[in-house]
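S.K.: One file: coords.txt (compact mmCIF, C-alpha atoms).
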```
# COMPACT_ATOMS: atom_id res chain seq x y z
CA MET A 110 0.00 0.00 0.00
CA THR A 111 1.37 3.42 -0.97
CA LYS A 112 1.67 5.90 1.86
CA THR A 113 0.26 9.39 1.44
CA GLN A 114 3.03 11.94 1.08
CA GLU A 115 2.22 14.84 3.39
CA THR A 116 3.39 18.44 3.17
CA GLY A 117 4.92 20.21 6.14
CA THR A 118 5.43 23.84 7.10
CA VAL A 119 7.68 25.76 4.70
CA VAL A 120 9.82 28.67 5.89
CA SER A 121 12.55 30.83 4.33
CA VAL A 122 15.92 30.79 6.08
CA LEU A 123 18.68 33.28 5.24
CA SER A 124 22.24 32.07 4.82
CA PRO A 125 24.99 34.49 5.93
CA ASP A 126 25.59 35.68 2.34
CA GLY A 127 21.92 36.61 2.00
CA THR A 128 20.79 33.56 0.02
CA SER A 129 17.20 32.58 0.84
CA LEU A 130 16.78 28.85 1.50
CA SER A 131 13.41 27.10 1.30
CA VAL A 132 13.12 24.77 4.31
CA GLU A 133 10.26 22.40 5.09
CA ARG A 134 9.45 20.94 8.52
CA MET A 135 7.20 18.06 9.55
CA GLY A 136 6.80 15.67 12.48
CA THR A 137 7.53 15.78 16.19
CA GLY A 138 10.49 14.74 18.30
CA PRO A 139 14.25 15.41 18.16
CA SER A 140 15.33 17.51 15.19
CA LEU A 141 16.76 15.76 12.12
CA VAL A 142 18.00 17.58 9.01
CA LEU A 143 18.10 15.81 5.63
CA VAL A 144 20.65 16.87 3.00
CA ASP A 145 19.94 15.94 -0.62
CA GLY A 146 22.24 14.84 -3.42
CA ALA A 147 22.54 16.04 -7.02
CA PHE A 148 19.39 17.41 -8.72
CA CYS A 149 17.21 16.78 -5.68
CA GLY A 150 15.24 19.04 -3.37
CA ARG A 151 12.04 19.28 -1.36
CA ASN A 152 9.81 18.31 -4.28
CA PHE A 153 12.07 16.00 -6.25
CA GLY A 154 14.09 13.13 -4.84
CA PRO A 155 14.07 10.99 -1.72
CA SER A 156 13.67 13.51 1.12
CA ARG A 157 9.88 13.86 1.24
CA ALA A 158 9.30 10.11 1.34
CA LEU A 159 11.95 9.74 4.05
CA ALA A 160 10.50 12.64 6.06
CA ASN A 161 7.12 10.94 5.97
CA GLU A 162 8.69 7.70 7.20
CA LEU A 163 10.38 9.51 10.11
CA LYS A 164 7.83 12.13 11.16
CA ASP A 165 6.50 9.96 13.98
CA ALA A 166 9.94 9.89 15.64
CA PHE A 167 11.64 13.15 14.62
CA THR A 168 10.96 16.73 13.68
CA VAL A 169 12.34 16.46 10.17
CA TYR A 170 13.76 19.40 8.22
CA PHE A 171 14.59 19.16 4.52
CA TYR A 172 15.49 21.94 2.14
CA ASP A 173 16.29 23.06 -1.39
CA ARG A 174 20.04 23.49 -1.61
CA ARG A 175 21.12 26.80 -3.17
CA GLY A 176 20.34 27.14 -6.85
CA ARG A 177 17.50 24.60 -6.70
CA GLY A 178 13.74 24.65 -6.29
CA ASP A 179 12.53 27.62 -4.27
CA SER A 180 15.94 28.54 -2.86
CA GLY A 181 18.01 31.40 -4.20
CA GLU A 182 21.52 31.42 -5.58
CA THR A 183 24.29 33.90 -4.85
CA LEU A 184 27.40 33.75 -7.00
CA PRO A 185 30.24 32.94 -7.03
CA TYR A 186 29.71 29.45 -5.64
CA ALA A 187 31.98 28.03 -2.94
CA THR A 188 31.69 24.91 -0.81
CA GLU A 189 32.10 27.16 2.23
CA ARG A 190 28.83 28.91 1.30
CA GLU A 191 27.01 25.57 1.18
CA ILE A 192 28.41 24.70 4.60
CA GLU A 193 27.05 28.02 5.84
CA ASP A 194 23.70 27.16 4.26
CA LEU A 195 23.59 23.89 6.16
CA GLN A 196 24.57 25.66 9.37
CA ALA A 197 21.67 28.10 8.85
CA VAL A 198 19.23 25.19 8.41
CA LEU A 199 20.64 23.49 11.51
CA ASN A 200 20.12 26.73 13.44
CA GLU A 201 16.49 26.76 12.28
CA ALA A 202 16.24 23.18 13.55
CA GLY A 203 17.51 24.13 17.00
CA GLY A 204 21.27 24.36 16.54
CA ASN A 205 22.40 20.83 17.36
CA PRO A 206 20.22 18.36 15.44
CA TYR A 207 20.86 14.98 13.90
CA VAL A 208 21.95 15.12 10.24
CA TYR A 209 21.49 12.64 7.40
CA GLY A 210 23.04 13.17 3.96
CA ILE A 211 22.76 11.10 0.80
CA SER A 212 25.17 11.10 -2.16
CA SER A 213 26.70 14.57 -2.63
CA GLY A 214 24.55 15.68 0.32
CA ALA A 215 26.50 13.15 2.39
CA ALA A 216 29.75 14.74 1.20
CA LEU A 217 28.41 18.17 2.17
CA ALA A 218 27.39 16.92 5.62
CA LEU A 219 30.82 15.36 6.14
CA GLU A 220 32.55 18.58 5.12
CA ALA A 221 30.33 20.52 7.54
CA ALA A 222 31.13 18.13 10.38
CA ALA A 223 34.85 18.41 9.57
CA ALA A 224 34.50 22.21 9.67
CA GLY A 225 33.15 21.98 13.21
CA VAL A 226 29.47 22.64 12.51
CA PRO A 227 27.64 21.35 15.64
CA MET A 228 25.63 18.17 15.12
CA ARG A 229 24.18 15.69 17.57
CA GLY A 230 24.92 12.80 15.23
CA LEU A 231 25.62 12.22 11.54
CA ALA A 232 24.54 9.46 9.15
CA THR A 233 25.60 9.22 5.50
CA TYR A 234 24.58 7.08 2.57
CA GLU A 235 26.94 6.58 -0.38
CA ALA A 236 28.91 9.81 -0.46
CA PRO A 237 30.26 9.60 -4.05
CA TYR A 238 33.95 9.33 -3.24
CA THR A 239 34.55 6.98 -6.13
CA GLY A 240 37.95 8.33 -7.13
CA VAL A 241 36.73 9.55 -10.53
CA GLN A 242 39.17 11.89 -12.28
CA GLY A 243 38.90 13.88 -15.47
CA ALA A 244 39.87 12.37 -18.80
CA ASP A 245 43.13 14.30 -18.74
CA GLY A 246 43.79 13.47 -15.09
CA THR A 247 43.41 17.05 -13.85
CA PRO A 248 41.15 17.80 -10.88
CA GLY A 249 39.18 20.55 -12.62
CA SER A 250 38.41 18.84 -15.93
CA HIS A 251 34.88 17.69 -15.03
CA ARG A 252 33.86 21.09 -13.68
CA GLU A 253 35.33 22.95 -16.64
CA HIS A 254 33.50 20.72 -19.12
CA LEU A 255 30.19 21.13 -17.31
CA GLU A 256 30.63 24.88 -17.12
CA ALA A 257 31.37 25.02 -20.87
CA LEU A 258 28.18 23.08 -21.67
CA LEU A 259 26.14 25.36 -19.46
CA ARG A 260 27.62 28.50 -21.01
CA ASP A 261 26.46 27.15 -24.37
CA GLY A 262 22.96 26.57 -22.99
CA LYS A 263 23.30 22.77 -23.27
CA ARG A 264 21.64 21.87 -19.99
CA GLY A 265 20.53 18.44 -21.22
CA SER A 266 24.05 17.62 -22.36
CA ALA A 267 25.36 18.68 -18.95
CA VAL A 268 22.93 16.30 -17.24
CA SER A 269 23.93 13.46 -19.58
CA TYR A 270 27.65 14.11 -19.04
CA PHE A 271 27.21 14.16 -15.26
CA LEU A 272 25.23 10.93 -15.19
CA VAL A 273 27.33 8.91 -17.66
CA LYS A 274 30.87 10.29 -17.52
CA MET A 275 30.97 11.28 -13.87
CA VAL A 276 28.55 9.04 -11.98
CA GLY A 277 29.06 6.01 -14.22
CA ALA A 278 25.43 5.42 -15.21
CA PRO A 279 24.73 3.40 -18.39
CA ALA A 280 24.93 5.45 -21.60
CA PHE A 281 21.29 4.72 -22.38
CA LEU A 282 20.00 6.25 -19.13
CA PRO A 283 19.75 9.87 -20.36
CA TYR A 284 17.73 8.66 -23.36
CA MET A 285 15.33 6.85 -21.04
CA LEU A 286 15.03 9.90 -18.79
CA ARG A 287 14.10 12.06 -21.77
CA LEU A 288 11.05 9.82 -22.16
CA MET A 289 9.96 10.89 -18.66
CA PRO A 290 9.34 14.62 -19.21
CA GLY A 291 8.59 15.39 -15.56
CA VAL A 292 11.86 13.88 -14.35
CA TRP A 293 13.97 15.26 -17.19
CA LYS A 294 12.55 18.76 -16.72
CA LYS A 295 13.50 18.79 -13.04
CA GLN A 296 16.97 17.44 -13.73
CA THR A 297 17.72 19.97 -16.44
CA ALA A 298 16.33 22.73 -14.21
CA ALA A 299 19.04 21.87 -11.66
CA ALA A 300 21.81 21.48 -14.25
CA ASN A 301 23.33 24.81 -13.20
CA THR A 302 24.28 23.24 -9.86
CA LEU A 303 26.19 20.27 -11.31
CA PRO A 304 29.59 22.05 -11.37
CA TYR A 305 29.07 22.70 -7.66
CA GLU A 306 28.92 18.96 -7.03
CA THR A 307 32.49 18.54 -8.27
CA ARG A 308 33.58 20.95 -5.54
CA VAL A 309 31.51 19.69 -2.63
CA THR A 310 32.64 16.11 -3.38
CA ASN A 311 36.32 17.11 -3.66
CA ASN A 312 36.22 15.94 -7.29
CA PHE A 313 34.94 12.57 -6.06
CA VAL A 314 38.02 11.88 -3.94
CA ALA A 315 37.58 11.37 -0.20
CA PRO A 316 39.24 14.23 1.76
CA VAL A 317 40.76 11.80 4.23
CA ASP A 318 42.72 14.36 6.22
CA ARG A 319 39.59 16.44 6.85
CA LEU A 320 37.49 13.38 7.64
CA ARG A 321 39.96 12.44 10.37
CA THR A 322 39.03 15.63 12.25
CA ILE A 323 35.34 14.73 12.63
CA THR A 324 34.28 14.24 16.24
CA VAL A 325 30.53 13.70 15.67
CA PRO A 326 29.16 10.15 16.18
CA THR A 327 28.91 8.97 12.57
CA LEU A 328 27.18 6.14 10.72
CA VAL A 329 28.47 5.38 7.20
CA MET A 330 26.08 3.36 5.03
CA VAL A 331 26.30 1.73 1.62
CA GLY A 332 23.93 -0.44 -0.41
CA GLY A 333 24.66 -4.10 -0.77
CA LYS A 334 24.37 -3.71 -4.56
CA ALA A 335 26.83 -0.81 -4.77
CA ALA A 336 29.56 -1.03 -7.41
CA ASP A 337 33.08 -1.62 -6.09
CA PRO A 338 34.26 2.03 -6.32
CA MET A 339 31.26 3.22 -4.27
CA ALA A 340 31.65 0.42 -1.71
CA GLN A 341 35.36 1.13 -1.37
CA GLY A 342 34.65 4.82 -0.96
CA GLN A 343 32.42 4.15 2.03
CA GLN A 344 35.09 1.95 3.59
CA THR A 345 37.54 4.82 3.17
CA ILE A 346 35.18 7.20 4.95
CA ALA A 347 34.55 4.78 7.79
CA ALA A 348 38.26 4.15 8.23
CA ALA A 349 39.00 7.88 8.33
CA VAL A 350 36.23 9.16 10.64
CA PRO A 351 37.24 8.29 14.23
CA GLY A 352 34.87 5.87 15.93
CA SER A 353 32.46 5.71 13.01
CA GLU A 354 30.20 2.74 12.32
CA HIS A 355 29.92 1.15 8.86
CA ARG A 356 26.78 -0.68 7.74
CA VAL A 357 25.90 -2.45 4.49
CA LEU A 358 22.20 -2.38 3.60
CA ASP A 359 21.43 -5.69 1.92
CA GLY A 360 19.71 -5.46 -1.46
CA GLN A 361 19.89 -1.66 -1.69
CA THR A 362 21.18 0.43 -4.59
CA HIS A 363 21.99 4.14 -4.74
CA GLN A 364 18.21 4.67 -5.01
CA VAL A 365 17.82 3.37 -1.47
CA SER A 366 14.32 2.85 -0.11
CA ALA A 367 13.00 5.32 2.43
CA ALA A 368 11.90 2.49 4.72
CA ALA A 369 15.39 0.96 4.76
CA ILE A 370 17.05 4.26 5.65
CA ALA A 371 14.40 5.16 8.22
CA THR A 372 15.05 1.91 10.07
CA GLN A 373 18.77 2.65 10.25
CA LEU A 374 18.31 6.25 11.37
CA ARG A 375 15.88 5.32 14.13
CA ASP A 376 18.31 2.72 15.40
CA PHE A 377 21.47 4.82 15.23
CA PHE A 378 20.15 8.15 16.44
CA ARG A 379 18.13 6.70 19.26
CA GLY A 380 21.25 4.92 20.46
CA ASP A 381 23.38 8.05 20.86
```
Would you mind giving the structure from this file in structure tokens?
M.R.:
Amino acid sequence: MTKTQETGTVVSVLSPDGTSLSVERMGTGPSLVLVDGAFCGRNFGPSRALANELKDAFTVYFYDRRGRGDSGETLPYATEREIEDLQAVLNEAGGNPYVYGISSGAALALEAAAAGVPMRGLATYEAPYTGVQGADGTPGSHREHLEALLRDGKRGSAVSYFLVKMVGAPAFLPYMLRLMPGVWKKQTAAANTLPYETRVTNNFVAPVDRLRTITVPTLVMVGGKAADPMAQGQQTIAAAVPGSEHRVLDGQTHQVSAAAIATQLRDFFRGD
């Protein structure tokens, strides 16, 4: 039976640089902030379903990262500004909440924890530290290529490049997505943020030295069906973050089910 997806209370939160962030809240209990990955936001991606799964145990906050959905965008972009965004959302949530990040949102949450942003506990799912480098071996090659496509107005090509050349999705996937106009429209609408993902993920290489400074209780999760580079990336994170716990979710892919994640978050955060 499909659960009804409810809507919470939406507020605007200002980041220190003046960027307005659209933040949604639902549920009751300890505060938990969800941080989305590439393309995703309040109305596209996994956060709403997960918030509905968790609203009986937590006051859940989820938001449109800068440049997406109903949030603003102040240029130039810097990872430090996204960390400040997350800090502003955490302040709205009470200043010391639990945090869960998925994919590049997991990388952002880890960077925030390493920067000393206060959190009660942190859980991540498949931060994309897969060791991907540009075709010429230089750290900036992916970002430069994406930025060139966007300057030429080729938002669809930027999405395809990100999915196939950077994430490693099958070459036919963008063609399939084009047959789903609602999905493709939302992905191309967020194409302007794809170069940012190369920065927040450290060009897909785990920032081991920074991860070693994290003092927040941390759970590092990966799907049992993850490809080797993704699985190895999560092992690298777990080995670097002091005292972290590593869990493999049997049968799960990068599109992890809300119910599977909710079970893990209830267990880990209630055990702090």
S.K.: Near Leu328 of chain A, counting only C-alpha atoms, which residues have an atom at most 9 Å away, once you skip same-chain residues fewer than 4 positions from it, shown as a JSON list (two decimals) with C-alpha atoms, keeping the file's coordinate frame?
M.R.:
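Result file is selection.json:
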```
[["chain", "number", "residue", "atom", "x", "y", "z"],
["A", 230, "GLY", "CA", 24.92, 12.80, 15.23],
["A", 231, "LEU", "CA", 25.62, 12.22, 11.54],
["A", 232, "ALA", "CA", 24.54, 9.46, 9.15],
["A", 233, "THR", "CA", 25.60, 9.22, 5.50],
["A", 234, "TYR", "CA", 24.58, 7.08, 2.57],
["A", 347, "ALA", "CA", 34.55, 4.78, 7.79],
["A", 353, "SER", "CA", 32.46, 5.71, 13.01],
["A", 354, "GLU", "CA", 30.20, 2.74, 12.32],
["A", 355, "HIS", "CA", 29.92, 1.15, 8.86],
["A", 356, "ARG", "CA", 26.78, -0.68, 7.74],
["A", 374, "LEU", "CA", 18.31, 6.25, 11.37],
["A", 377, "PHE", "CA", 21.47, 4.82, 15.23]]
```
S.K.: Just want the 8 Å neighbourhood of Val120 of chain A, counted on only C-alpha atoms, with same-chain residues fewer than 3 positions away dropped. Output as a PyMOL selection string.
M.R.: chain A and resi 131-133
S.K.: Choose the residue, out of A:Gly146, A:Arg379, A:Gly332, A:Ala340, that has the smallest atom-to-atom separation from Thr362 of chain A; count only C-alpha atoms.
M.R.: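 Checking each of A:Gly146, A:Arg379, A:Gly332, A:Ala340 against Thr362 of chain A, counting only C-alpha atoms, the winner is A:Gly332.
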S.K.: When you draw a straight line from atom CA of Arg175 of chain A to atom CA of Glu162 of chain A, how long is it in Å?
M.R.: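 Separation between atom CA of Arg175 of chain A and atom CA of Glu162 of chain A: 25.0 Å.
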S.K.: So that I can check the surroundings of Ala224 of chain A, please list as a list in words every protein, DNA and RNA residue that reaches within 12 Å of it, counting all atoms listed in the file and ignoring chain neighbours fewer than 4 positions away.
M.R.: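 Final neighbour list, sorted by chain and number: Thr188, Glu189, Glu191, Ile192, Glu193, Leu195, Gln196, Leu217, Ala218, Leu219, Glu220, Met228, Asp318, Arg319, Leu320, Arg321, Thr322, Ile323, Thr324 and Val325 of chain A.
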S.K.: Which residue out of A:Asp179, A:Asp194, A:Glu115, A:Glu201 has the minimum interatomic distance to Lys164 of chain A when all atoms listed in the file are used?
M.R.: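 Among the listed residues, A:Glu115 lies closest to Lys164 of chain A.
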S.K.: So the first atom is atom CA of Arg252 of chain A and the second is atom CA of Leu184 of chain A; what is the distance between them in Å, to one decimal place?
M.R.: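 Between atom CA of Arg252 of chain A and atom CA of Leu184 of chain A the gap is 15.7 Å.
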